[in-house]
$ cat model.txt   # compact mmCIF, C-alpha atoms
# COMPACT_ATOMS: atom_id res chain seq x y z
CA MET D 1076 256.22 26.07 26.67
CA HIS D 1077 256.58 24.37 30.04
CA ASP D 1078 259.62 22.17 30.96
CA GLY D 1079 260.29 21.38 27.34
CA PHE D 1080 256.62 20.80 26.34
CA TYR D 1081 254.64 22.98 23.96
CA PHE D 1082 250.88 23.47 24.48
CA TYR D 1083 248.98 23.86 21.22
CA ASP D 1084 245.71 25.83 21.66
CA MET D 1085 243.68 24.28 18.86
CA PHE D 1086 240.55 26.23 19.76
CA ALA D 1087 242.40 29.55 19.53
CA THR D 1088 243.86 28.77 16.11
CA LYS D 1089 240.79 27.07 14.70
CA GLY D 1090 238.18 29.45 16.10
CA ILE D 1091 237.46 31.14 12.78
CA GLU D 1092 237.08 27.79 11.03
CA TYR D 1093 234.58 26.52 13.67
CA ILE D 1094 232.52 29.68 13.46
CA THR D 1095 232.49 29.37 9.67
CA VAL D 1096 231.30 25.75 9.83
CA ILE D 1097 228.56 26.54 12.37
CA ALA D 1098 227.35 29.50 10.30
CA PHE D 1099 227.26 27.30 7.21
CA LEU D 1100 225.20 24.65 9.03
CA LEU D 1101 222.71 27.26 10.24
CA LEU D 1102 222.33 28.64 6.74
CA PHE D 1103 221.87 25.10 5.38
CA VAL D 1104 219.11 24.36 7.93
CA LEU D 1105 217.29 27.58 7.05
CA TYR D 1106 217.62 26.84 3.35
CA TRP D 1107 216.32 23.27 3.85
CA ARG D 1108 213.31 24.53 5.77
CA TRP D 1109 212.60 27.02 3.00
CA LEU D 1110 212.67 24.21 0.42
CA ASN D 1111 210.57 21.90 2.60
CA PRO D 1112 207.95 23.93 4.46
CA LYS D 1113 205.95 22.16 7.16
CA PRO D 1114 202.51 21.05 6.01
CA ALA D 1115 199.62 22.96 7.47
CA GLN D 1116 198.29 21.35 10.62
CA VAL D 1117 194.86 19.80 10.34
CA HIS D 1118 192.43 21.10 12.95
CA TYR D 1119 189.40 18.94 13.53
CA PRO D 1120 186.14 20.91 13.75
CA THR D 1121 185.38 19.05 16.98
CA ALA D 1122 188.76 19.62 18.64
CA SER D 1123 186.95 20.81 21.76
CA VAL D 1124 185.88 17.20 22.30
CA THR D 1125 189.46 16.40 23.34
CA ASN D 1126 189.24 18.68 26.36
CA TRP D 1127 185.85 17.36 27.40
CA PHE D 1128 187.11 13.97 28.59
CA GLN D 1129 189.14 13.28 31.73
CA LEU D 1130 191.84 10.60 31.95
CA PRO D 1131 193.01 10.15 35.58
CA GLU D 1132 196.71 9.30 35.80
CA ASP D 1133 196.35 6.87 38.70
CA ARG D 1134 194.25 4.27 36.85
CA TYR D 1135 194.89 1.35 34.54
CA PHE D 1136 192.68 1.30 31.45
CA HIS D 1137 191.28 -1.47 29.31
CA PRO D 1138 190.63 -0.59 25.62
CA GLY D 1139 186.97 -1.37 26.33
CA HIS D 1140 186.87 1.82 28.47
CA SER D 1141 186.83 0.15 31.87
CA TRP D 1142 189.50 0.92 34.43
CA ALA D 1143 191.15 -0.56 37.52
CA LEU D 1144 192.40 1.32 40.57
CA PRO D 1145 194.47 -0.71 43.09
CA GLU D 1146 193.88 0.22 46.71
CA ARG D 1147 196.30 0.06 49.65
CA ASP D 1148 194.37 -2.79 51.26
CA GLY D 1149 195.00 -5.03 48.24
CA THR D 1150 191.52 -4.66 46.75
CA VAL D 1151 190.85 -3.00 43.40
CA LYS D 1152 188.08 -0.65 42.32
CA ILE D 1153 186.59 -1.19 38.87
CA GLY D 1154 184.79 1.49 36.91
CA LEU D 1155 184.00 3.01 33.52
CA ASP D 1156 186.07 5.85 32.15
CA ASP D 1157 184.80 9.32 31.34
CA PHE D 1158 184.46 8.52 27.63
CA ALA D 1159 182.13 5.57 28.32
CA LEU D 1160 180.03 7.42 30.87
CA LYS D 1161 179.50 10.43 28.63
CA MET D 1162 178.85 8.19 25.66
CA LEU D 1163 176.11 6.32 27.53
CA GLY D 1164 174.75 9.41 29.24
CA GLY D 1165 174.46 7.78 32.65
CA ILE D 1166 173.70 4.32 33.97
CA ASP D 1167 170.33 3.19 35.27
CA HIS D 1168 171.36 -0.20 36.68
CA LEU D 1169 174.43 -2.37 37.08
CA ILE D 1170 173.94 -6.09 36.35
CA LEU D 1171 176.37 -8.43 38.13
CA PRO D 1172 177.45 -11.94 37.11
CA ARG D 1173 175.74 -14.77 38.99
CA LYS D 1174 178.83 -15.99 40.81
CA ASN D 1175 180.28 -12.52 41.44
CA ARG D 1176 183.44 -13.55 39.58
CA LEU D 1177 185.11 -11.37 36.95
CA LYS D 1178 187.45 -12.51 34.20
CA GLN D 1179 189.83 -10.12 32.47
CA GLY D 1180 188.82 -9.41 28.89
CA GLU D 1181 185.33 -10.89 29.23
CA SER D 1182 181.95 -9.16 29.39
CA ASN D 1183 181.04 -10.20 32.93
CA LEU D 1184 179.35 -6.93 33.83
CA GLN D 1185 176.42 -5.23 32.14
CA VAL D 1186 174.94 -1.78 32.51
CA GLU D 1187 171.36 -0.93 31.74
CA VAL D 1188 170.69 2.35 29.95
CA ASN D 1189 167.23 3.30 28.72
CA SER D 1190 166.10 -0.32 29.12
CA LYS D 1191 168.96 -1.58 26.93
CA LYS D 1192 171.65 -3.86 28.35
CA ILE D 1193 175.21 -2.97 27.37
CA PRO D 1194 178.04 -5.45 28.16
CA ILE D 1195 181.18 -4.12 29.85
CA ILE D 1196 184.57 -5.79 29.46
CA THR D 1197 186.24 -6.53 32.80
CA PRO D 1198 189.82 -5.21 33.21
CA LEU D 1199 190.91 -7.76 35.87
CA ASP D 1200 190.31 -11.24 37.22
CA GLY D 1201 188.76 -11.22 40.66
CA GLU D 1202 185.87 -11.73 43.02
CA ILE D 1203 183.37 -8.94 43.64
CA ILE D 1204 183.31 -8.06 47.33
CA GLU D 1205 181.45 -4.74 47.21
CA VAL D 1206 179.08 -2.88 44.92
CA ASN D 1207 179.04 0.91 44.94
CA ARG D 1208 175.43 1.70 45.73
CA GLY D 1209 176.23 5.41 45.72
CA PHE D 1210 177.66 5.38 42.20
CA SER D 1211 177.30 8.68 40.41
CA SER D 1212 177.96 9.38 36.75
CA ALA D 1213 176.99 13.04 36.98
CA ASP D 1214 179.07 15.24 34.70
CA ASP D 1215 179.99 17.66 37.48
CA ASP D 1216 180.83 15.00 40.05
CA ASN D 1217 184.61 14.97 40.58
CA ASP D 1218 184.49 12.87 43.74
CA SER D 1219 186.62 9.79 43.04
CA SER D 1220 184.89 7.97 45.91
CA SER D 1221 181.67 7.69 43.89
CA ASP D 1222 182.87 6.98 40.36
CA TRP D 1223 183.55 3.25 40.72
CA LEU D 1224 181.15 0.37 40.08
CA VAL D 1225 182.49 -2.59 42.08
CA ARG D 1226 185.39 -3.45 44.34
CA ILE D 1227 187.10 -6.79 43.79
CA ARG D 1228 189.63 -9.07 45.41
CA PRO D 1229 192.06 -9.64 42.52
CA LEU D 1230 193.36 -13.10 41.67
CA SER D 1231 196.42 -12.22 39.55
CA LEU D 1232 196.88 -8.49 39.93
CA LYS D 1233 200.47 -8.02 38.73
CA ALA D 1234 199.97 -10.16 35.64
CA ASP D 1235 196.63 -8.53 34.80
CA LEU D 1236 197.94 -4.96 35.18
CA ARG D 1237 200.61 -5.67 32.57
CA ASN D 1238 197.78 -6.14 30.06
CA LEU D 1239 196.29 -2.71 30.75
CA LEU D 1240 197.18 0.82 29.64
CA LYS D 1241 198.63 3.52 31.84
CA GLY D 1242 200.53 6.78 31.44
CA SER D 1243 201.70 7.67 27.93
CA LEU D 1244 200.27 4.47 26.41
CA ALA D 1245 196.86 5.27 27.86
CA HIS D 1246 197.03 8.79 26.41
CA LEU D 1247 197.94 7.51 22.95
CA TRP D 1248 195.05 5.04 23.01
CA PHE D 1249 192.64 7.69 24.28
CA GLN D 1250 193.64 10.07 21.50
CA SER D 1251 192.96 7.34 18.93
CA GLU D 1252 189.48 6.87 20.41
CA ILE D 1253 188.81 10.59 20.18
CA LYS D 1254 190.01 10.60 16.56
CA GLU D 1255 187.60 7.75 15.78
CA LEU D 1256 184.82 9.73 17.43
CA ASN D 1257 185.76 12.80 15.38
CA ASP D 1258 185.65 10.70 12.21
CA MET D 1259 182.18 9.40 13.08
CA MET D 1260 180.98 12.93 13.79
CA SER D 1261 182.36 14.24 10.50
CA ASN D 1262 180.18 11.70 8.69
CA ARG D 1263 177.11 12.92 10.58
CA PRO D 1264 177.02 16.73 10.12
CA GLY D 1265 173.60 16.99 11.69
CA ILE D 1266 174.78 16.11 15.20
CA VAL D 1267 173.46 18.56 17.79
CA LEU D 1268 176.16 19.96 20.06
CA GLN D 1269 176.05 22.01 23.21
CA ASP D 1270 176.97 25.69 23.09
CA GLY D 1271 180.66 25.94 22.27
CA GLY D 1272 180.70 22.77 20.18
CA VAL D 1273 180.90 20.19 22.97
CA LEU D 1274 179.01 16.93 22.72
CA VAL D 1275 176.09 16.33 25.04
CA ASN D 1276 175.97 13.50 27.56
CA GLY D 1277 174.70 10.40 25.84
CA PHE D 1278 176.44 11.31 22.58
CA ALA D 1279 176.02 7.75 21.27
CA ARG D 1280 172.36 8.60 20.74
CA GLU D 1281 173.41 11.75 18.86
CA LEU D 1282 175.58 9.65 16.53
CA ASP D 1283 172.85 7.13 15.78
CA ALA D 1284 169.50 7.63 17.49
CA ALA D 1285 168.06 4.39 16.13
CA ASN D 1286 171.01 2.13 16.87
CA TRP D 1287 172.92 4.02 19.54
CA GLU D 1288 173.60 0.90 21.58
CA GLN D 1289 175.54 -0.51 18.64
CA VAL D 1290 177.70 2.62 18.64
CA ALA D 1291 178.26 2.12 22.36
CA ARG D 1292 179.24 -1.53 21.85
CA ARG D 1293 181.68 -0.48 19.13
CA PHE D 1294 183.66 1.71 21.51
CA LEU D 1295 183.24 -0.68 24.44
CA ARG D 1296 184.67 -3.49 22.26
CA THR D 1297 181.63 -5.72 22.79
CA SER D 1298 180.02 -5.42 19.35
CA ASP D 1299 180.43 -9.15 18.71
CA ASP D 1300 178.73 -10.29 21.94
$ encode --input "model.txt" --output "structure tokens"
Amino acid sequence: MHDGFYFYDMFATKGIEYITVIAFLLLFVLYWRWLNPKPAQVHYPTASVTNWFQLPEDRYFHPGHSWALPERDGTVKIGLDDFALKMLGGIDHLILPRKNRLKQGESNLQVEVNSKKIPIITPLDGEIIEVNRGFSSADDDNDSSSDWLVRIRPLSLKADLRNLLKGSLAHLWFQSEIKELNDMMSNRPGIVLQDGGVLVNGFARELDAANWEQVARRFLRTSDD
């Protein structure tokens, strides 16, 4: 009591009741888990494929496996992601549009692989101002200065970037692509893998040697071109 007021310590008087309630809740949770065990996790036989691909955090991705990397000078580098490069197994030639203009969502660029031309969907609108003559798609090449195809002067950069994938959205999309690849592999048990179960470069040809370019177009979203 203080100056005519009484202080009622609820926590002191109700402590046993709170402990009882908490203990009951814990027992209920354990009992519920016992009644509803978690289903066994499904492990894909090609789970190692997931760790084979790289997804740089600083780039904006188009679902057709092209990417955009804004530069400080206002230009943007355009390239193909690791999935596309390893699927194709390298690029022999890059074929540019006649007017050097790119349109987001259209197949303005083409790459030539084993004498076959594969369309590439452009991630941004813009004008090509530079071609990377030193482009390298080597598997062990981690130099970001050599992994781009063209540099462009964008026409509507902010609006175009909102249509691309980055961060957690890019990771979710990439995982769905890997799952689709796993599904295709499970239907083709005769695929030859490297030691340790990792796909070889040019795995589109492993999936379908006769029509591998159609497999490539499927993932590059240009199968209807």
$ atom_distance --input "model.txt" --atom1 "atom CA of D:Lys1233" --atom2 "atom CA of D:Ala1291"
29.4 Å
$ residues_around --input "model.txt" --residues "D:Gln1129" --least-positions-apart "4" --cutoff "10 Å" --atoms "only C-alpha atoms" --output "PyMOL selection string"
chain D and resi 1125+1156-1158+1249
$ write_last_selection --input "model.txt" --atoms "C-alpha atoms" --output "short mmCIF file (atom, residue, chain, number, x, y, z; two decimals), in the frame of the given file"
data_model
loop_
_atom_site.label_atom_id
_atom_site.label_comp_id
_atom_site.auth_asym_id
_atom_site.auth_seq_id
_atom_site.Cartn_x
_atom_site.Cartn_y
_atom_site.Cartn_z
CA THR D 1125 189.46 16.40 23.34
CA ASP D 1156 186.07 5.85 32.15
CA ASP D 1157 184.80 9.32 31.34
CA PHE D 1158 184.46 8.52 27.63
CA PHE D 1249 192.64 7.69 24.28
#
$ residues_around --input "model.txt" --residues "D:Leu1163" --least-positions-apart "4" --cutoff "10 Å" --atoms "all atoms listed in the file" --output "PyMOL selection string"
chain D and resi 1157-1159+1186-1189+1193+1212+1276-1280+1287-1288+1290-1291
$ atom_distance --input "model.txt" --atom1 "atom CA of D:Leu1244" --atom2 "atom CA of D:Phe1136"
9.6 Å
$ atom_distance --input "model.txt" --atom1 "atom CA of D:Lys1161" --atom2 "atom CA of D:Lys1178"
24.9 Å
$ residues_around --input "model.txt" --residues "D:Gly1242" --least-positions-apart "2" --cutoff "9 Å" --atoms "only C-alpha atoms" --output "ChimeraX atom specification"
/D:1132-1135,1240,1244-1247
$ closest_residue --input "model.txt" --among "D:Arg1293, D:Ile1253, D:Asp1200, D:Gly1180" --to "D:Trp1127" --atoms "all atoms listed in the file"
D:Ile1253
$ residues_around --input "model.txt" --residues "D:Arg1173" --least-positions-apart "3" --cutoff "10 Å" --atoms "only C-alpha atoms" --output "mmCIF file with C-alpha atoms, in the coordinates of the input"
data_model
loop_
_atom_site.group_PDB
_atom_site.id
_atom_site.type_symbol
_atom_site.label_atom_id
_atom_site.label_comp_id
_atom_site.auth_asym_id
_atom_site.auth_seq_id
_atom_site.Cartn_x
_atom_site.Cartn_y
_atom_site.Cartn_z
ATOM 1 C CA ILE D 1170 173.940 -6.090 36.350
ATOM 2 C CA ARG D 1176 183.440 -13.550 39.580
ATOM 3 C CA ASN D 1183 181.040 -10.200 32.930
#
$ closest_residue --input "model.txt" --among "D:Asn1286, D:Thr1297, D:Ser1243, D:Asn1207" --to "D:Lys1152" --atoms "all atoms listed in the file"
D:Asn1207
